[in-house]
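K.L.:
For reference, this is upload_15.txt, and it has compact mmCIF, C-alpha atoms.
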```
# COMPACT_ATOMS: atom_id res chain seq x y z
CA MET H 70 48.44 -151.10 -12.94
CA THR H 71 44.64 -151.02 -13.07
CA ASP H 72 43.02 -153.20 -15.74
CA PRO H 73 40.00 -151.23 -17.01
CA THR H 74 38.44 -154.32 -18.62
CA ASP H 75 37.97 -156.10 -15.30
CA ILE H 76 36.43 -152.96 -13.77
CA ALA H 77 34.02 -152.57 -16.71
CA ALA H 78 32.84 -156.15 -16.15
CA LEU H 79 31.85 -155.46 -12.52
CA SER H 80 28.26 -154.69 -11.62
CA PHE H 81 27.63 -151.30 -10.05
CA GLU H 82 27.14 -152.95 -6.67
CA ASP H 83 30.36 -154.98 -6.90
CA ALA H 84 32.36 -151.94 -8.02
CA LEU H 85 30.95 -149.88 -5.15
CA ARG H 86 31.71 -152.63 -2.62
CA GLU H 87 35.30 -152.86 -3.85
CA LEU H 88 35.64 -149.07 -3.77
CA GLU H 89 34.40 -149.00 -0.16
CA ARG H 90 36.92 -151.74 0.75
CA ILE H 91 39.75 -149.76 -0.83
CA VAL H 92 38.74 -146.57 0.96
CA GLY H 93 38.69 -148.48 4.24
CA GLN H 94 42.20 -149.81 3.62
CA LEU H 95 43.52 -146.36 2.73
CA GLU H 96 41.88 -144.76 5.76
CA THR H 97 43.73 -147.06 8.14
CA GLY H 98 47.05 -145.57 7.06
CA ASP H 99 48.67 -149.00 7.47
CA VAL H 100 49.27 -149.52 3.74
CA PRO H 101 52.80 -149.09 2.34
CA LEU H 102 53.12 -146.13 -0.05
CA ASP H 103 53.49 -148.18 -3.25
CA GLN H 104 50.44 -150.25 -2.39
CA ALA H 105 48.50 -147.12 -1.39
CA ILE H 106 49.21 -145.57 -4.79
CA THR H 107 48.04 -148.74 -6.57
CA LEU H 108 44.91 -148.88 -4.41
CA TYR H 109 44.21 -145.20 -5.05
CA GLU H 110 44.51 -145.68 -8.82
CA ARG H 111 42.13 -148.64 -8.75
CA GLY H 112 39.75 -146.76 -6.48
CA ASP H 113 39.70 -143.81 -8.85
CA ALA H 114 38.95 -146.11 -11.79
CA LEU H 115 36.16 -147.76 -9.78
CA ARG H 116 34.75 -144.33 -8.85
CA ARG H 117 34.72 -143.28 -12.51
CA GLN H 118 32.99 -146.54 -13.49
CA CYS H 119 30.32 -146.10 -10.80
CA GLN H 120 29.72 -142.49 -11.86
CA ALA H 121 29.40 -143.51 -15.51
CA ARG H 122 26.83 -146.15 -14.59
CA LEU H 123 24.86 -143.65 -12.48
CA ASP H 124 24.95 -141.10 -15.30
CA ALA H 125 23.70 -143.71 -17.78
CA ALA H 126 20.89 -144.76 -15.45
CA GLN H 127 19.84 -141.16 -14.91
CA ALA H 128 19.74 -140.54 -18.65
CA ARG H 129 17.33 -143.47 -19.05
CA ILE H 130 14.89 -142.23 -16.41
CA GLU H 131 12.02 -140.32 -17.89
CA GLN H 132 9.35 -138.18 -16.33
CA VAL H 133 5.82 -139.00 -17.45
CA ARG H 134 3.76 -135.98 -18.58
CA ALA H 135 0.02 -135.98 -18.08
CA ASP H 136 -2.77 -133.60 -19.09
CA ALA H 137 -5.29 -132.06 -16.68
CA SER H 138 -7.40 -135.24 -16.81
CA GLY H 139 -4.46 -137.42 -15.86
CA ASN H 140 -4.02 -138.93 -19.32
CA VAL H 141 -0.41 -139.61 -20.29
CA THR H 142 0.66 -137.22 -23.04
CA GLY H 143 4.32 -138.17 -23.34
CA THR H 144 7.60 -138.26 -21.51
CA THR H 145 10.49 -135.88 -20.95
CA PRO H 146 14.04 -136.69 -19.88
CA PHE H 147 14.71 -136.63 -16.15
CA ALA H 148 16.23 -133.35 -14.98
CA ALA H 149 18.13 -133.71 -11.71
CA GLY H 150 18.16 -130.87 -9.26
```
Starting from the coordinates I provided, produce the structure as structure tokens.
P.N.:
Amino acid sequence: MTDPTDIAALSFEDALRELERIVGQLETGDVPLDQAITLYERGDALRRQCQARLDAAQARIEQVRADASGNVTGTTPFAAG
């Protein structure tokens, strides 16, 4: 079973690398079913962790507002899209 504490301790880059490795293994089709299920579960947990880290980073990004003269007047949260 997937241990969420070890996934939470991974950096974004390490989690993404492991997720890519798991996807590569699953794509080969050479993994026994039980192992494939375990890999899929870990991959899903890694995907959720990466998404949570991306969401947190996006929430911290702010857009700087400036007046007509270019003076900074404040910031607003980043709006994707």
K.L.:
CA of Phe81 (chain H) and CA of Arg134 (chain H) are how many Å apart?
P.N.:
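A separation of 29.6 Å between them.
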K.L.:
Find the residues around region 104-119 of chain H up to 10 Å (only C-alpha atoms counted), leave out those fewer than 6 positions away in its own chain, and share them as an MDAnalysis selection string.
P.N.:
chainID H and resid 70:73 76:92 94:95 98 125
K.L.:
One decimal, Å: what's the distance from CA of Asp75 (chain H) over to CA of Arg122 (chain H), could you say?
P.N.:
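Spanning CA of Asp75 (chain H) to CA of Arg122 (chain H) is a straight-line distance of 15.0 Å.
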K.L.:
Mind pulling up the distance from CA of Thr97 (chain H) to CA of Leu123 (chain H)?
P.N.:
28.2 Å
